[in-house]
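Notes to accompany the following structure.
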There are 2 protein chains.
Amino acid sequence: MVKKISLKDIANQVGVSAALVSYVLNNQKEGRINKEVAQRIRDTAKRLNYRTNQVAKSLKTNKTFTIGLIVADISNPFFSSLARIIEDEADKNNYTVIFGSSDENPDKSEKLIETLVNRQVDGLIIAPPQNSESQINYLIEQDIPFVLIDRYFPAIETNYVAIDNYKAAYTAVQHFADIGRKRIGMITYESAIFNLNERTRGYLSAIKENKIPFETTWLKELRPNNTKLCIEKAINELLDGPQPVDALLFSSNIIAGWGLKYLNSIGIKVPDQLAVISFDESEALDLFYAPLTYIKQPLEEMGQAAIKILLETMGKNNKLVQVNMEAGLIIRESTTGQTELN
Amino acid sequence: MVKKISLKDIANQVGVSAALVSYVLNNQKEGRINKEVAQRIRDTAKRLNYRTNQVAKSLKTNKTFTIGLIVADISNPFFSSLARIIEDEADKNNYTVIFGSSDENPDKSEKLIETLVNRQVDGLIIAPPQNSESQINYLIEQDIPFVLIDRYFPAIETNYVAIDNYKAAYTAVQHFADIGRKRIGMITYESAIFNLNERTRGYLSAIKENKIPFETTWLKELRPNNTKLCIEKAINELLDGPQPVDALLFSSNIIAGWGLKYLNSIGIKVPDQLAVISFDESEALDLFYAPLTYIKQPLEEMGQAAIKILLETMGKNNKLVQVNMEAGLIIRESTTGQTELN
DNA sequence: CTATTTTGTTTAAACGATTAAACAGTCAAT
DNA sequence: ATTGACTGTTTAATCGTTTAAACAAAATAG
């Protein structure tokens with residue numbers, strides 16, 4: 001590696017102290033510095049192609065201008081879209097983003113938090129996996145600024161940005177009821193994550209309030225390490241028998257992806273046989289022959305809010321900010337359309 | 001922020017010098033340190049919950065264990081999948097990843113490179129936008145380890161990992177020819193990026209070798225800042241008139257996404273009226289009513305190779321490594337199936 | 001019983017920046 | 001001529017590590 005130019009190198013060239021160079025390049029001590037010298041310093045810096053060493057600067061100033069982002073999986077479009085928004089917002093404020101994927105695994109999440117904290121990130125944005133409460137409490141103890149996103153733990157007082165999942169699921173089921181569906185299924189993950197439980201709660205609550213006689217077999221809770229096969233099995237169980245469900249809510253984009261593929265392959269007619277709603281958007285939902293009705297999370301607003309809150313928290317504005325946004329229900333053919341009858 | 005524990009704090013507690021603490025915690029000077037003292041140091045470190053300050057360590061050791069990743073857009077599934085693989089491989093080697101999206105814009109790319117270099121990343125993995133040659137040359141001059149991915153500049157001697165785009169496009173067109181298609185269109189970006197040009201070259205070459213009389217109107221080159229509307233216009237032009245194309249190659253997942261949606265909406269029958277192949281995979285391609293034949297890039301291998309080469313380069317193993325992988329053609333219904341006839 | 005080696009630990013400089021405080025010189029006011 | 005204020009710059013400490021070199025004490029050798 002070619003020798004990097006330091007402040008001292010510039011100082012030597014110009015014949016002044018490193019301190020003066022620092023003052024000039026940081027536009028400090030404005031009026032006090034000899035203009036001609038300042039210009040020479042700037043010229044020399046440019047000529048030598050000086051780049052400040054952020055590591056040294058961070059050590060001294062105790063500020064890295066880095067934000068850590070921990071999501072479940074950066075390759076999941078939900079999280080990568082969020083990541084992109086966060087990246088842009090961070091950039092506007094001169095921060096860069098280090099990311100990591102926890103795979104919904106608390107051990108990985110813990111390791112990531114540790115790595116990022118050791119790297120002295122100024123703050124964290126985290127979509128916490130289940131059973132990671134202790135890590136969150138650790139961050140609170142250590143007074144490390146952070147914002148939870150997408151999920152949070154109601155038992156812990158933290159900043160967070162999420163949607164009202166109860167309401168979102170409720171609205172989806174209500175929509176099923178409104179279009180006359182009577183046997184409404186849901187496929188979700190068996191999980192201690194609050195936001196998923198809220199979805200289930202919203203689902204059950206809407207069924208109850210619509211006076212639909214609920215059957216426990218309608219609710220399929222998959223292991224988080226779900227596979228294609230689990231989803232297919234769940235769908236089979238929902239559709240088999242004399243009383244198949246006539247509506248189905250997928251509680252995540254991943255489940256919807258596999259689920260739709262399977263529905264496609266077994267020739268279920270959507271929406272005639274089965275009305276379908278999915279959480280989260282994705283291009284895939286558009287290309288299904290009956291474009292899917294889906295619950296649209298306000299990603300842009302969520303990402304922006306997360307950064308805004310994080311910056312405020314880092315700036316010692318220590319009040320708690322908890323944001324519950326409302327998701328939209330984008331109604332399309334999978335619940336209203338007519339399947340092209342042949 | 002709660003005061004962070006430093007080596008010195010441990011040293012004071014135990015009553016030894018900071019140096020000794022450093023030696024112990026880094027398992028250096030193995031045999032030479034009094035076991036009892038070493039244990040006390042370790043215990044105290046644990047008790048005080050010491051975390052090493054990576055920033056300080058990096059300053060001293062001139063190594064950050066950080067890799068910079070610059071892609072066009074992290075929210076594009078192609079890049080986020082790649083990012084995930086790179087993340088995992090980096091992690092295996094104890095590196096973390098800082099990322100940025102260039103939006104195919106050389107100015108953004110330059111700013112990102114500068115930011116990441118200032119942060120003293122140990123190396124970079126870059127999908128360079130067009131007109132960013134000077135930035136790449138700068139990295140070479142500065143002897144900063146990097147690997148290009150997905151794209152590269154044939155005129156510049158660099159490490160890179162990419163697929164043979166010429167061959168991939170050629171194979172796709174050959175497949176069209178094999179199934180008897182005679183009027184084969186392509187929608188791509190007008191761009192100076194080598195990999196896209198290679199796709200075009202492969203397309204043209206295959207047409208020629210199959211002795212298909214090429215018509216220039218078959219090749220649609222969109223402005224990179226393409227919109228939904230441009231794609232729709234291009235498709236209209238290809239399909240309108242007395243001699244519409246009977247096969248169509250989309251040169252990216254983004255184009256395919258919009259394109260398929262439009263084909264869907266105007267009721268084109270795939271593959272009867274129009275056989276379709278897309279570059280890159282995505283869930284969307286699976287859910288199209290005729291699952292798409294697509295060119296599958298070996299993302300896993302590409303990401304792994306990129307990290308491997310980068311680590312070698314960082315380790316001063318200065319030989320040039322240029323990898324051209326072969327893409328696969330996954331043949332499905334959009335080129336072979338029968339549209340369900342009604 | 002010295003001389004040498006080994007063991008265990010400390011000292012101090014360094015990485016590259018920042019920044020409070022000190023300093024020297026000039027200028028104006030009394 | 002003395003004082004004080006201002007201008008322009010340097011000195012030196014510091015951030016938290018690492019690590020070569022120095023050092024002291026104990027063990028071993030001759």
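So you can find residues: chains in the structure tokens are A, B, ... in the order shown, residues in each start at 1, and ligands are numbered from 1 in order.
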
For this session: Name the residues in contact with segment 19-23 of chain D at a cut-off of 10 Å, using only C-alpha atoms (C1' of nucleotides), excluding same-chain residues fewer than 3 positions from it; report them as a PyMOL selection string.
Result: (chain B and resi 19+22-23) or (chain C and resi 9-14)

What does the file look like for those residues with N, CA and C atoms (P, O5', C5', C4', C3', O3' and C1' of nucleotides), as a PDB file, in the first residue's frame?
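Final output, saved to result25.pdb:
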ATOM      1  N   ALA B  19       0.087  -2.406  29.037  1.00  0.00           N
ATOM      2  CA  ALA B  19       0.750  -3.274  28.063  1.00  0.00           C
ATOM      3  C   ALA B  19       0.518  -4.740  28.401  1.00  0.00           C
ATOM      4  N   SER B  22      -2.860  -5.839  27.511  1.00  0.00           N
ATOM      5  CA  SER B  22      -2.953  -6.049  26.070  1.00  0.00           C
ATOM      6  C   SER B  22      -2.368  -7.407  25.686  1.00  0.00           C
ATOM      7  N   TYR B  23      -1.182  -7.696  26.220  1.00  0.00           N
ATOM      8  CA  TYR B  23      -0.555  -8.985  25.900  1.00  0.00           C
ATOM      9  C   TYR B  23      -1.455 -10.151  26.300  1.00  0.00           C
TER      10      TYR B  23
ATOM     11  P    DT C   9       3.949 -11.083  35.951  1.00  0.00           P
ATOM     12  O5'  DT C   9       4.347  -9.631  35.460  1.00  0.00           O
ATOM     13  C5'  DT C   9       5.128  -8.813  36.357  1.00  0.00           C
ATOM     14  C4'  DT C   9       5.682  -7.614  35.637  1.00  0.00           C
ATOM     15  C3'  DT C   9       4.656  -6.698  34.986  1.00  0.00           C
ATOM     16  O3'  DT C   9       4.437  -5.586  35.846  1.00  0.00           O
ATOM     17  C1'  DT C   9       6.680  -6.883  33.732  1.00  0.00           C
ATOM     18  P    DT C  10       3.578  -4.342  35.389  1.00  0.00           P
ATOM     19  O5'  DT C  10       4.726  -3.428  34.794  1.00  0.00           O
ATOM     20  C5'  DT C  10       5.843  -3.110  35.620  1.00  0.00           C
ATOM     21  C4'  DT C  10       6.730  -2.108  34.903  1.00  0.00           C
ATOM     22  C3'  DT C  10       6.017  -0.830  34.463  1.00  0.00           C
ATOM     23  O3'  DT C  10       6.859   0.263  34.781  1.00  0.00           O
ATOM     24  C1'  DT C  10       7.048  -1.859  32.593  1.00  0.00           C
ATOM     25  P    DT C  11       6.295   1.726  34.596  1.00  0.00           P
ATOM     26  O5'  DT C  11       7.186   2.249  33.382  1.00  0.00           O
ATOM     27  C5'  DT C  11       8.478   1.706  33.208  1.00  0.00           C
ATOM     28  C4'  DT C  11       9.124   2.304  31.970  1.00  0.00           C
ATOM     29  C3'  DT C  11       8.569   3.640  31.507  1.00  0.00           C
ATOM     30  O3'  DT C  11       9.659   4.425  31.063  1.00  0.00           O
ATOM     31  C1'  DT C  11       8.339   2.067  29.770  1.00  0.00           C
ATOM     32  P    DA C  12       9.523   5.974  30.747  1.00  0.00           P
ATOM     33  O5'  DA C  12       9.301   5.934  29.171  1.00  0.00           O
ATOM     34  C5'  DA C  12      10.217   5.188  28.368  1.00  0.00           C
ATOM     35  C4'  DA C  12       9.743   5.225  26.939  1.00  0.00           C
ATOM     36  C3'  DA C  12       9.036   6.529  26.552  1.00  0.00           C
ATOM     37  O3'  DA C  12       9.420   6.809  25.228  1.00  0.00           O
ATOM     38  C1'  DA C  12       7.610   4.754  26.105  1.00  0.00           C
ATOM     39  P    DA C  13       9.338   8.287  24.677  1.00  0.00           P
ATOM     40  O5'  DA C  13       9.248   7.989  23.119  1.00  0.00           O
ATOM     41  C5'  DA C  13       9.932   6.839  22.606  1.00  0.00           C
ATOM     42  C4'  DA C  13       9.094   6.217  21.518  1.00  0.00           C
ATOM     43  C3'  DA C  13       8.390   7.222  20.605  1.00  0.00           C
ATOM     44  O3'  DA C  13       8.621   6.825  19.279  1.00  0.00           O
ATOM     45  C1'  DA C  13       6.819   5.677  21.439  1.00  0.00           C
ATOM     46  P    DA C  14       8.356   7.855  18.092  1.00  0.00           P
ATOM     47  O5'  DA C  14       7.119   7.200  17.332  1.00  0.00           O
ATOM     48  C5'  DA C  14       7.136   5.805  17.026  1.00  0.00           C
ATOM     49  C4'  DA C  14       5.722   5.353  16.798  1.00  0.00           C
ATOM     50  C3'  DA C  14       4.851   6.362  16.043  1.00  0.00           C
ATOM     51  O3'  DA C  14       4.656   5.901  14.724  1.00  0.00           O
ATOM     52  C1'  DA C  14       3.696   5.350  17.878  1.00  0.00           C
TER      53       DA C  14
END

Exercise. If you run DSSP on the backbone, which residues of segment 32-120 of chain A are helix (DSSP H, G or I), as a VMD selection string?
Worked result: chain A and resid 32 35 to 47 54 to 61 77 to 92 106 to 118

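Using only C-alpha atoms, the chain A residues found within 6 Å of chain B amount to Met1, Val2, Asn53, Gln54, Val55, Ala56, Leu59, Ile74, Ser75, Ser80, Ser81, Arg84, Val97, Ile98, Asn118, Arg119, Gln142, Asp143, Glu283, Ala284, Leu287, Phe288, Tyr289 and Asn342 of chain A.
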
Those residues with C-alpha atoms, as an mmCIF file, in the first residue's frame please?
data_model
loop_
_atom_site.group_PDB
_atom_site.id
_atom_site.type_symbol
_atom_site.label_atom_id
_atom_site.label_comp_id
_atom_site.auth_asym_id
_atom_site.auth_seq_id
_atom_site.Cartn_x
_atom_site.Cartn_y
_atom_site.Cartn_z
ATOM 1 C CA MET A 1 0.000 0.000 0.000
ATOM 2 C CA VAL A 2 1.307 3.403 -1.038
ATOM 3 C CA ASN A 53 -7.893 9.418 8.143
ATOM 4 C CA GLN A 54 -11.324 8.882 9.593
ATOM 5 C CA VAL A 55 -10.089 6.244 11.974
ATOM 6 C CA ALA A 56 -7.710 8.649 13.679
ATOM 7 C CA LEU A 59 -10.531 7.977 17.922
ATOM 8 C CA ILE A 74 -30.458 -8.231 3.755
ATOM 9 C CA SER A 75 -31.454 -10.329 0.765
ATOM 10 C CA SER A 80 -33.116 -4.422 1.443
ATOM 11 C CA SER A 81 -35.670 -1.785 0.528
ATOM 12 C CA ARG A 84 -31.719 1.497 0.871
ATOM 13 C CA VAL A 97 -24.003 2.245 7.232
ATOM 14 C CA ILE A 98 -22.505 -1.061 8.342
ATOM 15 C CA ASN A 118 -16.723 -2.551 19.257
ATOM 16 C CA ARG A 119 -16.431 -0.632 16.043
ATOM 17 C CA GLN A 142 -24.544 1.027 28.039
ATOM 18 C CA ASP A 143 -26.465 4.047 26.883
ATOM 19 C CA GLU A 283 -42.703 -7.594 -7.495
ATOM 20 C CA ALA A 284 -43.779 -11.201 -7.327
ATOM 21 C CA LEU A 287 -46.987 -10.862 -11.570
ATOM 22 C CA PHE A 288 -49.249 -13.457 -10.090
ATOM 23 C CA TYR A 289 -52.066 -13.903 -12.555
ATOM 24 C CA ASN A 342 -62.585 -20.447 -19.282
#

Exercise. Where does DSSP see strand (DSSP E) in segment 116-266 of chain B, if you list the residues as number ranges by chain?
Worked result: B: 123-126, 146-149, 160-163, 184-189, 219-222, 247-250

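Every residue of chain C that lies within 10 Å of chain A is listed here, counting only C-alpha atoms (C1' of nucleotides): DC15, DG16, DA17, DT18 and DT19 of chain C.
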
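Selecting chain D residues within 10 Å of chain A and counting only C-alpha atoms (C1' of nucleotides) yields D:DC6, D:DT7, D:DG8, D:DT9, D:DT10, D:DT11, D:DT14, D:DC15, D:DG16.
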
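As for atom CA of Ser205 of chain A and atom CA of Ile163 of chain A, they are spaced 17.4 Å apart.
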
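Interatomic distance, atom CA of Lys167 of chain A against atom CA of Glu89 of chain A: 27.9 Å.
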
Problem set entry | Surrounding residues of Glu312 of chain A excluding itself and chain neighbours under 2 positions, 12 Å, only C-alpha atoms (C1' of nucleotides), as a ChimeraX atom specification | /A:93,122-123,145-147,159,305-310,314-321

Can those selected residues be exported to a file as a PDB file, in the first residue's frame so that it contains C-alpha atoms?
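File written: result06.pdb
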ATOM      1  CA  ASN A  93     -26.526  13.355   7.400  1.00  0.00           C
ATOM      2  CA  ASP A 122     -22.617   6.028  16.787  1.00  0.00           C
ATOM      3  CA  GLY A 123     -25.948   4.272  16.840  1.00  0.00           C
ATOM      4  CA  PRO A 145     -28.303   4.979  21.011  1.00  0.00           C
ATOM      5  CA  PHE A 146     -30.548   2.710  19.015  1.00  0.00           C
ATOM      6  CA  VAL A 147     -33.953   2.414  17.398  1.00  0.00           C
ATOM      7  CA  ASN A 159     -37.439   3.807  20.748  1.00  0.00           C
ATOM      8  CA  ALA A 305     -38.361   8.052  11.002  1.00  0.00           C
ATOM      9  CA  ALA A 306     -35.799   5.557  12.230  1.00  0.00           C
ATOM     10  CA  ILE A 307     -32.877   7.747  11.201  1.00  0.00           C
ATOM     11  CA  LYS A 308     -34.517  10.870  12.494  1.00  0.00           C
ATOM     12  CA  ILE A 309     -35.135   9.331  15.888  1.00  0.00           C
ATOM     13  CA  LEU A 310     -31.674   7.831  16.003  1.00  0.00           C
ATOM     14  CA  MET A 314     -27.511  10.441  19.543  1.00  0.00           C
ATOM     15  CA  GLY A 315     -27.796  14.165  20.030  1.00  0.00           C
ATOM     16  CA  LYS A 316     -28.680  13.480  23.650  1.00  0.00           C
ATOM     17  CA  ASN A 317     -32.293  14.315  23.166  1.00  0.00           C
ATOM     18  CA  ASN A 318     -33.244  11.544  25.456  1.00  0.00           C
ATOM     19  CA  LYS A 319     -36.960  11.354  25.208  1.00  0.00           C
ATOM     20  CA  LEU A 320     -38.508   8.092  24.143  1.00  0.00           C
ATOM     21  CA  VAL A 321     -40.024   7.978  20.688  1.00  0.00           C
TER      22      VAL A 321
END

Exercise. Residues at most 10 Å from DA26 of chain D, counting only C-alpha atoms (C1' of nucleotides), excluding those fewer than 5 positions away in the same chain, as a list in words?
Worked result: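 Contacts, in chain order: DT6, DT7 and DG8 of chain C.
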
With C-alpha atoms (C1' of nucleotides) retained, export the selected residues as a compact mmCIF listing (two decimals), in the first residue's frame.
# COMPACT_ATOMS: atom_id res chain seq x y z
C1' DT C 6 15.20 -16.77 31.77
C1' DT C 7 11.01 -14.92 33.52
C1' DG C 8 7.77 -11.44 34.20

For this session: Considering only C-alpha atoms, state which residue in the set A:Ser132, A:Gln174, A:Ser191, A:Gln304 is at the smallest distance from Leu204 of chain A.
Result: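 Among the listed residues, the smallest separation from Leu204 of chain A belongs to A:Gln174.
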
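The space separating atom CA of Leu148 of chain B from atom CA of Ile86 of chain A comes to 24.7 Å.
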